file my_file.txt (compact mmCIF, C-alpha atoms (C1' of nucleotides))
# COMPACT_ATOMS: atom_id res chain seq x y z
CA MET Y 735 14.22 24.44 -6.29
CA LYS Y 736 11.50 22.72 -4.30
CA ILE Y 737 11.11 18.95 -4.63
CA ALA Y 738 8.23 17.11 -3.00
CA THR Y 739 7.23 13.48 -2.49
CA TYR Y 740 3.64 12.44 -1.87
CA ASN Y 741 2.04 9.02 -1.52
CA VAL Y 742 -1.39 9.95 -2.86
CA ASN Y 743 -3.11 6.59 -2.24
CA GLY Y 744 -5.04 6.61 -5.52
CA VAL Y 745 -4.26 9.40 -7.97
CA ASN Y 746 -7.77 9.58 -9.46
CA GLY Y 747 -9.72 9.35 -6.23
CA ARG Y 748 -7.34 11.94 -4.81
CA LEU Y 749 -7.20 14.29 -7.78
CA PRO Y 750 -8.96 17.30 -6.13
CA VAL Y 751 -6.64 17.02 -3.11
CA LEU Y 752 -3.56 16.64 -5.32
CA LEU Y 753 -4.45 19.66 -7.48
CA ARG Y 754 -5.27 21.80 -4.45
CA TRP Y 755 -1.96 20.90 -2.83
CA LEU Y 756 0.01 21.49 -6.07
CA GLU Y 757 -1.45 24.97 -6.38
CA GLU Y 758 -0.88 25.81 -2.74
CA SER Y 759 2.61 24.36 -2.40
CA ALA Y 760 3.86 24.98 -5.96
CA PRO Y 761 6.76 22.50 -5.91
CA ASP Y 762 9.05 22.51 -8.95
CA VAL Y 763 9.34 18.74 -9.04
CA VAL Y 764 7.09 16.08 -7.50
CA CYS Y 765 7.38 12.34 -6.88
CA LEU Y 766 4.08 10.52 -6.51
CA GLN Y 767 3.51 6.99 -5.20
CA GLU Y 768 0.53 4.65 -5.02
CA LEU Y 769 -1.17 5.91 -8.15
CA LYS Y 770 -3.42 2.82 -8.06
CA ALA Y 771 -4.16 3.42 -11.73
CA PRO Y 772 -3.26 1.59 -14.94
CA GLN Y 773 -0.94 3.40 -17.35
CA GLU Y 774 -3.81 4.75 -19.49
CA LYS Y 775 -5.84 6.04 -16.53
CA PHE Y 776 -3.26 8.52 -15.25
CA PRO Y 777 -4.93 11.98 -15.19
CA GLU Y 778 -2.34 13.53 -17.49
CA GLN Y 779 -4.52 16.35 -18.81
CA ALA Y 780 -5.54 17.59 -15.36
CA ILE Y 781 -1.87 17.57 -14.31
CA LEU Y 782 -0.87 19.41 -17.51
CA ASP Y 783 -3.61 21.97 -16.87
CA ALA Y 784 -2.13 22.46 -13.40
CA GLY Y 785 1.17 23.34 -15.07
CA TYR Y 786 3.10 20.07 -14.75
CA LYS Y 787 4.60 17.70 -17.25
CA ALA Y 788 4.67 14.12 -16.06
CA ILE Y 789 6.10 10.69 -16.62
CA TRP Y 790 4.58 7.73 -14.83
CA HIS Y 791 4.62 4.00 -14.48
CA GLY Y 792 1.11 2.83 -13.74
CA GLN Y 793 -0.34 -0.51 -12.73
CA LYS Y 794 -3.88 -1.76 -12.36
CA SER Y 795 -5.20 -1.53 -8.78
CA TRP Y 796 -1.92 -1.14 -6.94
CA ASN Y 797 1.43 0.62 -6.78
CA GLY Y 798 2.28 3.11 -9.53
CA VAL Y 799 4.78 6.00 -9.41
CA ALA Y 800 5.14 9.31 -11.25
CA ILE Y 801 7.50 12.27 -11.60
CA LEU Y 802 6.05 15.73 -12.28
CA SER Y 803 7.96 18.85 -13.32
CA LYS Y 804 6.78 22.44 -13.61
CA ASP Y 805 9.57 23.84 -15.79
CA GLY Y 806 12.37 21.51 -16.77
CA ASP Y 807 11.93 18.56 -19.08
CA ILE Y 808 11.83 15.08 -17.59
CA GLU Y 809 14.27 12.70 -19.18
CA GLU Y 810 13.43 9.17 -18.12
CA VAL Y 811 16.35 6.89 -17.24
CA HIS Y 812 14.64 3.80 -15.72
CA ARG Y 813 11.11 2.67 -15.04
CA ALA Y 814 12.02 -0.35 -12.98
CA LEU Y 815 14.54 -1.02 -10.24
CA PRO Y 816 17.34 -2.99 -11.93
CA GLY Y 817 18.18 -6.47 -10.71
CA ASP Y 818 15.07 -8.60 -11.20
CA ASP Y 819 13.32 -8.96 -14.55
CA GLU Y 820 10.59 -10.99 -12.84
CA ASP Y 821 9.52 -8.06 -10.66
CA THR Y 822 6.36 -6.70 -12.27
CA GLN Y 823 5.33 -4.27 -9.52
CA SER Y 824 5.57 -0.62 -10.58
CA ARG Y 825 7.43 0.86 -7.68
CA PHE Y 826 10.30 2.74 -9.27
CA ILE Y 827 10.92 5.48 -11.80
CA GLU Y 828 14.12 7.44 -12.35
CA ALA Y 829 14.75 10.55 -14.42
CA ASN Y 830 17.02 13.51 -15.04
CA VAL Y 831 15.20 16.71 -14.19
CA ASN Y 832 16.49 20.24 -13.50
CA GLY Y 833 20.07 19.00 -13.44
CA ILE Y 834 19.36 16.33 -10.86
CA ARG Y 835 19.10 12.57 -11.10
CA LEU Y 836 15.85 11.83 -9.30
CA VAL Y 837 14.70 8.42 -8.12
CA CYS Y 838 11.03 8.11 -7.17
CA LEU Y 839 10.40 4.92 -5.25
CA TYR Y 840 7.66 3.04 -3.41
CA LEU Y 841 9.36 0.41 -1.32
CA PRO Y 842 7.27 -2.70 -0.52
CA ASN Y 843 5.34 -2.73 2.73
CA GLY Y 844 6.50 -6.26 3.62
CA ASN Y 845 3.76 -7.32 6.02
CA PRO Y 846 3.05 -9.86 7.29
CA ALA Y 847 6.54 -10.56 8.54
CA PRO Y 848 8.11 -13.00 8.39
CA GLY Y 849 6.86 -14.38 5.09
CA PRO Y 850 7.18 -14.04 1.32
CA LYS Y 851 6.13 -10.38 1.33
CA PHE Y 852 8.81 -9.55 3.84
CA ASP Y 853 11.35 -11.51 1.78
CA TYR Y 854 10.32 -9.44 -1.24
CA LYS Y 855 10.81 -6.24 0.73
CA LEU Y 856 14.31 -7.20 1.87
CA ASP Y 857 15.20 -8.35 -1.63
CA TRP Y 858 13.94 -5.05 -3.06
CA PHE Y 859 16.05 -3.23 -0.47
CA LYS Y 860 19.15 -5.17 -1.55
CA ARG Y 861 18.54 -4.26 -5.17
CA LEU Y 862 18.05 -0.64 -4.15
CA GLN Y 863 21.36 -0.70 -2.28
CA LEU Y 864 23.15 -2.05 -5.34
CA HIS Y 865 21.57 0.50 -7.64
CA SER Y 866 22.17 3.37 -5.21
CA LYS Y 867 25.83 2.47 -4.96
CA GLU Y 868 25.99 2.59 -8.74
CA LEU Y 869 24.37 6.03 -8.71
CA LEU Y 870 26.89 7.33 -6.17
CA SER Y 871 29.73 6.10 -8.34
CA LEU Y 872 28.50 8.38 -11.14
CA ASP Y 873 29.41 11.38 -8.95
CA ILE Y 874 26.38 13.41 -10.03
CA PRO Y 875 23.74 15.05 -7.78
CA VAL Y 876 21.21 12.35 -6.91
CA VAL Y 877 18.01 12.48 -4.87
CA LEU Y 878 16.26 9.32 -3.69
CA ALA Y 879 12.71 10.24 -2.73
CA GLY Y 880 9.57 8.38 -1.87
CA ASP Y 881 7.70 6.09 0.45
CA PHE Y 882 10.41 3.86 1.89
CA ASN Y 883 8.01 2.05 4.24
CA VAL Y 884 10.67 2.27 6.96
CA MET Y 885 10.73 4.17 10.22
CA PRO Y 886 14.50 4.63 10.54
CA ALA Y 887 14.58 5.16 14.33
CA GLU Y 888 12.42 5.05 17.45
CA ILE Y 889 11.81 8.80 17.25
CA ASP Y 890 9.99 8.15 13.98
CA VAL Y 891 7.23 6.06 15.61
CA TYR Y 892 4.53 7.25 18.01
CA LYS Y 893 4.76 4.01 20.01
CA PRO Y 894 7.91 2.15 18.99
CA GLU Y 895 7.28 -0.83 21.29
CA ARG Y 896 4.14 -1.66 19.34
CA TRP Y 897 5.97 -1.76 16.02
CA VAL Y 898 9.03 -3.89 16.72
CA ASN Y 899 7.62 -6.92 14.91
CA ASP Y 900 6.15 -4.94 12.03
CA ALA Y 901 7.79 -5.11 8.61
CA LEU Y 902 8.27 -1.33 8.66
CA PHE Y 903 10.27 -1.35 11.86
CA ARG Y 904 11.82 -4.79 12.28
CA PRO Y 905 15.57 -4.83 12.95
CA GLU Y 906 16.27 -6.22 9.45
CA THR Y 907 14.36 -3.34 7.87
CA ARG Y 908 16.03 -0.64 9.93
CA ALA Y 909 19.41 -2.25 9.28
CA ALA Y 910 18.76 -2.20 5.53
CA PHE Y 911 17.88 1.50 5.64
CA LYS Y 912 20.94 2.25 7.78
CA GLU Y 913 23.19 0.32 5.42
CA LEU Y 914 21.76 2.25 2.49
CA ALA Y 915 22.20 5.63 4.20
CA GLU Y 916 25.77 4.78 5.19
CA GLN Y 917 26.75 4.41 1.54
CA GLY Y 918 26.80 8.20 1.65
CA TRP Y 919 23.21 9.44 1.68
CA THR Y 920 21.86 12.23 3.86
CA ASP Y 921 18.38 11.97 5.38
CA ALA Y 922 17.27 15.54 4.61
CA ILE Y 923 14.66 15.88 7.35
CA ARG Y 924 16.97 14.47 10.03
CA LYS Y 925 19.87 16.65 8.93
CA LEU Y 926 17.81 19.80 9.54
CA TYR Y 927 15.75 18.49 12.47
CA PRO Y 928 17.88 15.89 14.30
CA GLU Y 929 15.74 15.79 17.47
CA GLU Y 930 12.20 16.64 16.38
CA ILE Y 931 9.26 14.31 16.19
CA ILE Y 932 8.18 14.51 12.56
CA TYR Y 933 5.62 12.21 10.97
CA THR Y 934 4.55 11.76 7.35
CA PHE Y 935 1.79 9.13 7.75
CA TRP Y 936 -1.22 8.71 10.01
CA ASP Y 937 -3.66 5.78 9.86
CA TYR Y 938 -7.22 6.51 8.78
CA PHE Y 939 -8.75 4.92 11.84
CA ARG Y 940 -8.87 5.55 15.56
CA ASN Y 941 -8.38 9.25 14.95
CA ALA Y 942 -4.67 8.67 14.39
CA TYR Y 943 -4.17 12.12 12.86
CA GLY Y 944 -6.08 13.86 15.66
CA ARG Y 945 -3.98 12.01 18.25
CA ASN Y 946 -0.82 12.53 16.21
CA ALA Y 947 -0.24 8.77 16.26
CA GLY Y 948 2.00 8.88 13.22
CA LEU Y 949 5.00 7.39 11.48
CA ARG Y 950 7.86 8.91 9.49
CA ILE Y 951 8.20 6.69 6.43
CA ASP Y 952 8.48 9.10 3.47
CA HIS Y 953 12.06 10.23 3.01
CA PHE Y 954 14.56 12.21 1.00
CA LEU Y 955 18.06 10.77 0.73
CA LEU Y 956 20.56 13.18 -0.80
CA SER Y 957 23.97 12.55 -2.29
CA ARG Y 958 26.89 14.57 -0.89
CA HIS Y 959 26.52 17.07 -3.73
CA PHE Y 960 23.72 18.64 -1.70
CA ASP Y 961 25.68 19.08 1.54
CA GLU Y 962 25.80 22.85 1.00
CA ARG Y 963 22.59 23.15 -1.00
CA LEU Y 964 19.88 21.96 1.41
CA ARG Y 965 18.04 25.10 2.53
CA ALA Y 966 14.84 23.77 4.08
CA ALA Y 967 12.70 20.66 4.48
CA GLY Y 968 9.29 19.95 5.89
CA VAL Y 969 6.00 18.08 5.91
CA ASP Y 970 2.74 19.65 4.69
CA ARG Y 971 0.94 17.93 7.53
CA HIS Y 972 -2.21 20.06 7.28
CA VAL Y 973 -2.97 18.33 3.96
CA ARG Y 974 -3.59 15.17 5.97
CA GLY Y 975 -6.51 16.98 7.60
CA TRP Y 976 -8.32 17.73 4.33
CA GLU Y 977 -11.46 15.94 3.16
CA LYS Y 978 -10.92 12.77 1.13
CA THR Y 979 -7.18 12.99 1.78
CA SER Y 980 -4.41 10.39 1.57
CA ASP Y 981 -3.14 8.73 4.73
CA HIS Y 982 0.27 10.25 3.89
CA ALA Y 983 1.18 13.94 3.90
CA PRO Y 984 3.47 15.52 1.29
CA VAL Y 985 7.12 15.95 2.25
CA TRP Y 986 9.40 18.51 0.59
CA ILE Y 987 12.91 19.90 0.42
CA GLU Y 988 14.19 23.22 -0.82
CA LEU Y 989 17.56 23.21 -2.61
CA GLY Y 990 19.74 26.22 -3.39
CA GLU Y 991 22.18 26.57 -6.24
CA GLY Y 992 25.44 24.67 -5.94
C1' DA C 355 -3.04 -6.42 19.66
C1' DT C 356 -6.17 -5.05 16.15
C1' DG C 357 -7.17 -3.13 8.96
C1' DC C 358 -11.65 -0.17 13.50
C1' DC C 359 -10.72 3.21 7.26
C1' DG C 360 -10.11 3.73 2.51
C1' DT C 361 -9.12 2.56 -2.51
C1' DG C 362 -9.72 -0.03 -6.68
C1' DG C 363 -11.77 -3.77 -9.17
C1' DA C 364 -14.79 -6.99 -9.60
C1' DA C 365 -19.04 -8.40 -8.30
C1' DA C 366 -22.13 -7.38 -4.21
C1' DC C 367 -17.11 -9.20 -1.61
C1' DC C 368 -12.11 -9.23 -1.89
C1' DA C 369 -7.03 -7.84 -1.92
C1' DC C 370 -4.20 -4.66 -0.16
C1' DG C 371 -2.28 -1.07 2.65
C1' DA C 372 1.11 0.29 7.33
call {"tool": "encode", "arguments": {"input": "my_file.txt", "output": "structure tokens"}}
result
Amino acid sequence: MKIATYNVNGVNGRLPVLLRWLEESAPDVVCLQELKAPQEKFPEQAILDAGYKAIWHGQKSWNGVAILSKDGDIEEVHRALPGDDEDTQSRFIEANVNGIRLVCLYLPNGNPAPGPKFDYKLDWFKRLQLHSKELLSLDIPVVLAGDFNVMPAEIDVYKPERWVNDALFRPETRAAFKELAEQGWTDAIRKLYPEEIIYTFWDYFRNAYGRNAGLRIDHFLLSRHFDERLRAAGVDRHVRGWEKTSDHAPVWIELGEG
DNA sequence: ATGCCGTGGAAACCACGA
């Protein structure tokens, strides 16, 4: 089973790119972030025509997440990260699909830091830690996938010294990601490629993609149930070179049977 | 060091992103 995560940066503006990539890559399950579309403007028919059922949590202008599935039904479990009824940003959706509990998340950016946006990011992280711990206690196969807006280590940044004060790389942010991972989650890309420079995002300007000035911020965290099931993982980085493309590239994992 | 590009929505600019 192939699972992918892709921050599309506008699901309608990006529809041709998304459909082209879906056909080429043919993932079984997909997590999308940054739909930038209200609930009723999600391109459900085009996605159905491409062979995918979908559930989504839209929002006008910003955020928005979706889970797509080619074969198995999608049984929604949550459409908000528990822990704050006041949080109206659509950054989280969780479902049972193909025998897996799948969390699709779009963690807040947090800039400028320090400030209220950074506080929101750290608070969101805390809630995610609490919820993730709960998920681990269920002792079922769980995948956390999405745009975490964190570069976990220096190897994940083209010029780490320039990012130390950025909300995506500040010590508090990296510590929060480390604390989460240490609950018992495996960073799929790093498990298979512990030493390689692998990026999932390149800025639109200053030819960042051409210079490979990238960041690794889109991640798969796997519960221990997948220790023997992770077969492959990668980034479809060529998609970042397409016309009218997102600033993120799709990331994927391939899982075998238990 | 930086929103230099790009999207969406509202209103011919602004908020936001990483």
call {"tool": "interface_residues", "arguments": {"input": "my_file.txt", "of": "chain Y", "to": "chain C", "cutoff": "9 Å", "atoms": "all atoms listed in the file", "output": "NGL selection string"}}
result
:Y and (743-744 or 747 or 770-771 or 794-796 or 843 or 845 or 883 or 896 or 900-902 or 935 or 937-940 or 980-981)
call {"tool": "atom_distance", "arguments": {"input": "my_file.txt", "atom1": "atom CA of Arg813 of chain Y", "atom2": "atom CA of Arg908 of chain Y"}}
result
25.7 Å
call {"tool": "atom_distance", "arguments": {"input": "my_file.txt", "atom1": "atom CA of Gly792 of chain Y", "atom2": "atom CA of Pro772 of chain Y"}}
result
4.7 Å
call {"tool": "residues_around", "arguments": {"input": "my_file.txt", "residues": "Phe776 of chain Y", "least_positions_apart": "3", "cutoff": "12 Å", "atoms": "all atoms listed in the file", "output": "tab-separated table (two decimals) with C-alpha atoms, keeping the file's coordinate frame"}}
result
chain	number	residue	atom	x	y	z
Y	744	GLY	CA	-5.04	6.61	-5.52
Y	745	VAL	CA	-4.26	9.40	-7.97
Y	746	ASN	CA	-7.77	9.58	-9.46
Y	747	GLY	CA	-9.72	9.35	-6.23
Y	748	ARG	CA	-7.34	11.94	-4.81
Y	749	LEU	CA	-7.20	14.29	-7.78
Y	766	LEU	CA	4.08	10.52	-6.51
Y	768	GLU	CA	0.53	4.65	-5.02
Y	769	LEU	CA	-1.17	5.91	-8.15
Y	770	LYS	CA	-3.42	2.82	-8.06
Y	771	ALA	CA	-4.16	3.42	-11.73
Y	772	PRO	CA	-3.26	1.59	-14.94
Y	773	GLN	CA	-0.94	3.40	-17.35
Y	779	GLN	CA	-4.52	16.35	-18.81
Y	780	ALA	CA	-5.54	17.59	-15.36
Y	781	ILE	CA	-1.87	17.57	-14.31
Y	782	LEU	CA	-0.87	19.41	-17.51
Y	788	ALA	CA	4.67	14.12	-16.06
Y	789	ILE	CA	6.10	10.69	-16.62
Y	790	TRP	CA	4.58	7.73	-14.83
Y	791	HIS	CA	4.62	4.00	-14.48
Y	792	GLY	CA	1.11	2.83	-13.74
Y	793	GLN	CA	-0.34	-0.51	-12.73
Y	794	LYS	CA	-3.88	-1.76	-12.36
Y	798	GLY	CA	2.28	3.11	-9.53
Y	799	VAL	CA	4.78	6.00	-9.41
Y	800	ALA	CA	5.14	9.31	-11.25
Y	801	ILE	CA	7.50	12.27	-11.60
call {"tool": "atom_distance", "arguments": {"input": "my_file.txt", "atom1": "atom CA of Cys838 of chain Y", "atom2": "atom CA of Lys893 of chain Y"}}
result
28.2 Å
call {"tool": "decode", "arguments": {"input": "my_file.txt", "residues": "chain C", "atoms": "N, CA and C atoms (P, O5', C5', C4', C3', O3' and C1' of nucleotides)", "output": "PDB file, in the first residue's frame"}}
result
ATOM      1  P    DA C 355      22.150  37.686   8.981  1.00  0.00           P
ATOM      2  O5'  DA C 355      20.732  38.003   8.352  1.00  0.00           O
ATOM      3  C5'  DA C 355      19.699  38.453   9.212  1.00  0.00           C
ATOM      4  C4'  DA C 355      18.708  39.242   8.418  1.00  0.00           C
ATOM      5  C3'  DA C 355      17.471  38.423   8.042  1.00  0.00           C
ATOM      6  O3'  DA C 355      16.324  39.233   8.222  1.00  0.00           O
ATOM      7  C1'  DA C 355      18.490  39.299   6.088  1.00  0.00           C
ATOM      8  P    DT C 356      14.883  38.665   8.151  1.00  0.00           P
ATOM      9  O5'  DT C 356      14.417  39.110   6.700  1.00  0.00           O
ATOM     10  C5'  DT C 356      14.581  40.461   6.298  1.00  0.00           C
ATOM     11  C4'  DT C 356      14.222  40.593   4.837  1.00  0.00           C
ATOM     12  C3'  DT C 356      13.035  39.728   4.416  1.00  0.00           C
ATOM     13  O3'  DT C 356      12.038  40.549   3.853  1.00  0.00           O
ATOM     14  C1'  DT C 356      14.792  39.516   2.885  1.00  0.00           C
ATOM     15  P    DG C 357      10.524  40.040   3.892  1.00  0.00           P
ATOM     16  O5'  DG C 357      10.504  38.804   2.876  1.00  0.00           O
ATOM     17  C5'  DG C 357      10.896  38.951   1.523  1.00  0.00           C
ATOM     18  C4'  DG C 357       9.815  38.480   0.568  1.00  0.00           C
ATOM     19  C3'  DG C 357       8.587  39.403   0.454  1.00  0.00           C
ATOM     20  O3'  DG C 357       8.173  39.429  -0.891  1.00  0.00           O
ATOM     21  C1'  DG C 357       7.878  37.247   1.034  1.00  0.00           C
ATOM     22  P    DC C 358       8.280  40.631  -1.804  1.00  0.00           P
ATOM     23  O5'  DC C 358       9.373  40.243  -2.891  1.00  0.00           O
ATOM     24  C5'  DC C 358       9.255  40.730  -4.208  1.00  0.00           C
ATOM     25  C4'  DC C 358      10.281  40.039  -5.074  1.00  0.00           C
ATOM     26  C3'  DC C 358       9.972  38.563  -5.335  1.00  0.00           C
ATOM     27  O3'  DC C 358      10.393  38.229  -6.661  1.00  0.00           O
ATOM     28  C1'  DC C 358      12.090  38.748  -4.393  1.00  0.00           C
ATOM     29  P    DC C 359       9.291  37.999  -7.759  1.00  0.00           P
ATOM     30  O5'  DC C 359       8.651  36.624  -7.294  1.00  0.00           O
ATOM     31  C5'  DC C 359       9.348  35.418  -7.497  1.00  0.00           C
ATOM     32  C4'  DC C 359       8.423  34.267  -7.188  1.00  0.00           C
ATOM     33  C3'  DC C 359       7.144  34.245  -8.024  1.00  0.00           C
ATOM     34  O3'  DC C 359       6.896  32.900  -8.389  1.00  0.00           O
ATOM     35  C1'  DC C 359       6.592  34.352  -5.723  1.00  0.00           C
ATOM     36  P    DG C 360       5.766  32.569  -9.480  1.00  0.00           P
ATOM     37  O5'  DG C 360       4.487  32.284  -8.577  1.00  0.00           O
ATOM     38  C5'  DG C 360       4.475  31.149  -7.748  1.00  0.00           C
ATOM     39  C4'  DG C 360       3.252  31.185  -6.869  1.00  0.00           C
ATOM     40  C3'  DG C 360       1.932  31.484  -7.578  1.00  0.00           C
ATOM     41  O3'  DG C 360       1.149  30.295  -7.556  1.00  0.00           O
ATOM     42  C1'  DG C 360       2.106  32.606  -5.492  1.00  0.00           C
ATOM     43  P    DT C 361      -0.298  30.300  -8.253  1.00  0.00           P
ATOM     44  O5'  DT C 361      -1.274  30.454  -7.020  1.00  0.00           O
ATOM     45  C5'  DT C 361      -1.274  29.464  -5.993  1.00  0.00           C
ATOM     46  C4'  DT C 361      -2.249  29.877  -4.923  1.00  0.00           C
ATOM     47  C3'  DT C 361      -3.624  30.253  -5.471  1.00  0.00           C
ATOM     48  O3'  DT C 361      -4.574  29.310  -5.028  1.00  0.00           O
ATOM     49  C1'  DT C 361      -2.829  31.855  -3.881  1.00  0.00           C
ATOM     50  P    DG C 362      -6.072  29.393  -5.594  1.00  0.00           P
ATOM     51  O5'  DG C 362      -6.793  30.318  -4.523  1.00  0.00           O
ATOM     52  C5'  DG C 362      -6.773  29.937  -3.145  1.00  0.00           C
ATOM     53  C4'  DG C 362      -7.423  31.014  -2.318  1.00  0.00           C
ATOM     54  C3'  DG C 362      -8.783  31.477  -2.844  1.00  0.00           C
ATOM     55  O3'  DG C 362      -9.692  31.520  -1.766  1.00  0.00           O
ATOM     56  C1'  DG C 362      -7.363  33.331  -2.582  1.00  0.00           C
ATOM     57  P    DG C 363     -11.225  31.771  -2.026  1.00  0.00           P
ATOM     58  O5'  DG C 363     -11.397  33.319  -1.686  1.00  0.00           O
ATOM     59  C5'  DG C 363     -11.243  33.741  -0.332  1.00  0.00           C
ATOM     60  C4'  DG C 363     -11.342  35.232  -0.266  1.00  0.00           C
ATOM     61  C3'  DG C 363     -12.578  35.825  -0.971  1.00  0.00           C
ATOM     62  O3'  DG C 363     -13.193  36.754  -0.098  1.00  0.00           O
ATOM     63  C1'  DG C 363     -10.639  36.920  -1.696  1.00  0.00           C
ATOM     64  P    DA C 364     -14.581  37.374  -0.422  1.00  0.00           P
ATOM     65  O5'  DA C 364     -14.265  38.936  -0.372  1.00  0.00           O
ATOM     66  C5'  DA C 364     -13.495  39.454   0.707  1.00  0.00           C
ATOM     67  C4'  DA C 364     -12.658  40.607   0.227  1.00  0.00           C
ATOM     68  C3'  DA C 364     -13.468  41.816  -0.252  1.00  0.00           C
ATOM     69  O3'  DA C 364     -12.916  42.984   0.318  1.00  0.00           O
ATOM     70  C1'  DA C 364     -11.954  41.153  -1.932  1.00  0.00           C
ATOM     71  P    DA C 365     -13.655  44.348   0.176  1.00  0.00           P
ATOM     72  O5'  DA C 365     -12.865  45.112  -0.985  1.00  0.00           O
ATOM     73  C5'  DA C 365     -11.493  45.416  -0.819  1.00  0.00           C
ATOM     74  C4'  DA C 365     -10.845  45.681  -2.144  1.00  0.00           C
ATOM     75  C3'  DA C 365     -11.320  46.949  -2.860  1.00  0.00           C
ATOM     76  O3'  DA C 365     -10.196  47.571  -3.429  1.00  0.00           O
ATOM     77  C1'  DA C 365     -11.502  45.139  -4.306  1.00  0.00           C
ATOM     78  P    DA C 366      -9.850  49.020  -3.181  1.00  0.00           P
ATOM     79  O5'  DA C 366      -9.890  49.556  -4.718  1.00  0.00           O
ATOM     80  C5'  DA C 366      -8.795  49.937  -5.484  1.00  0.00           C
ATOM     81  C4'  DA C 366      -7.840  48.800  -5.785  1.00  0.00           C
ATOM     82  C3'  DA C 366      -6.783  49.147  -6.851  1.00  0.00           C
ATOM     83  O3'  DA C 366      -5.527  48.634  -6.445  1.00  0.00           O
ATOM     84  C1'  DA C 366      -7.814  47.137  -7.413  1.00  0.00           C
ATOM     85  P    DC C 367      -4.502  49.668  -5.898  1.00  0.00           P
ATOM     86  O5'  DC C 367      -4.089  48.695  -4.729  1.00  0.00           O
ATOM     87  C5'  DC C 367      -3.942  49.217  -3.440  1.00  0.00           C
ATOM     88  C4'  DC C 367      -4.462  48.176  -2.463  1.00  0.00           C
ATOM     89  C3'  DC C 367      -3.353  47.581  -1.594  1.00  0.00           C
ATOM     90  O3'  DC C 367      -3.621  47.895  -0.239  1.00  0.00           O
ATOM     91  C1'  DC C 367      -4.792  45.887  -2.455  1.00  0.00           C
ATOM     92  P    DC C 368      -2.458  47.531   0.785  1.00  0.00           P
ATOM     93  O5'  DC C 368      -3.071  46.256   1.501  1.00  0.00           O
ATOM     94  C5'  DC C 368      -4.452  46.212   1.873  1.00  0.00           C
ATOM     95  C4'  DC C 368      -4.777  44.809   2.305  1.00  0.00           C
ATOM     96  C3'  DC C 368      -3.672  44.167   3.160  1.00  0.00           C
ATOM     97  O3'  DC C 368      -4.182  43.730   4.402  1.00  0.00           O
ATOM     98  C1'  DC C 368      -4.335  42.717   1.399  1.00  0.00           C
ATOM     99  P    DA C 369      -3.086  43.355   5.521  1.00  0.00           P
ATOM    100  O5'  DA C 369      -3.402  41.804   5.724  1.00  0.00           O
ATOM    101  C5'  DA C 369      -4.746  41.346   5.815  1.00  0.00           C
ATOM    102  C4'  DA C 369      -4.741  39.829   5.811  1.00  0.00           C
ATOM    103  C3'  DA C 369      -3.622  39.221   6.646  1.00  0.00           C
ATOM    104  O3'  DA C 369      -4.139  38.115   7.367  1.00  0.00           O
ATOM    105  C1'  DA C 369      -3.424  38.489   4.398  1.00  0.00           C
ATOM    106  P    DC C 370      -3.214  37.404   8.469  1.00  0.00           P
ATOM    107  O5'  DC C 370      -2.486  36.244   7.682  1.00  0.00           O
ATOM    108  C5'  DC C 370      -3.271  35.236   7.039  1.00  0.00           C
ATOM    109  C4'  DC C 370      -2.387  34.454   6.131  1.00  0.00           C
ATOM    110  C3'  DC C 370      -1.060  33.999   6.755  1.00  0.00           C
ATOM    111  O3'  DC C 370      -1.144  32.629   7.046  1.00  0.00           O
ATOM    112  C1'  DC C 370      -0.832  34.683   4.481  1.00  0.00           C
ATOM    113  P    DG C 371       0.000  31.868   7.869  1.00  0.00           P
ATOM    114  O5'  DG C 371       0.867  31.209   6.709  1.00  0.00           O
ATOM    115  C5'  DG C 371       0.263  30.268   5.845  1.00  0.00           C
ATOM    116  C4'  DG C 371       1.178  30.019   4.682  1.00  0.00           C
ATOM    117  C3'  DG C 371       2.590  29.587   5.074  1.00  0.00           C
ATOM    118  O3'  DG C 371       3.021  28.577   4.183  1.00  0.00           O
ATOM    119  C1'  DG C 371       2.709  31.347   3.591  1.00  0.00           C
ATOM    120  P    DA C 372       3.376  27.085   4.791  1.00  0.00           P
ATOM    121  O5'  DA C 372       4.962  27.169   4.774  1.00  0.00           O
ATOM    122  C5'  DA C 372       5.644  27.135   3.544  1.00  0.00           C
ATOM    123  C4'  DA C 372       7.072  27.568   3.751  1.00  0.00           C
ATOM    124  C3'  DA C 372       7.824  26.841   4.858  1.00  0.00           C
ATOM    125  O3'  DA C 372       9.133  26.512   4.435  1.00  0.00           O
ATOM    126  C1'  DA C 372       7.976  29.148   5.213  1.00  0.00           C
TER     127       DA C 372
END
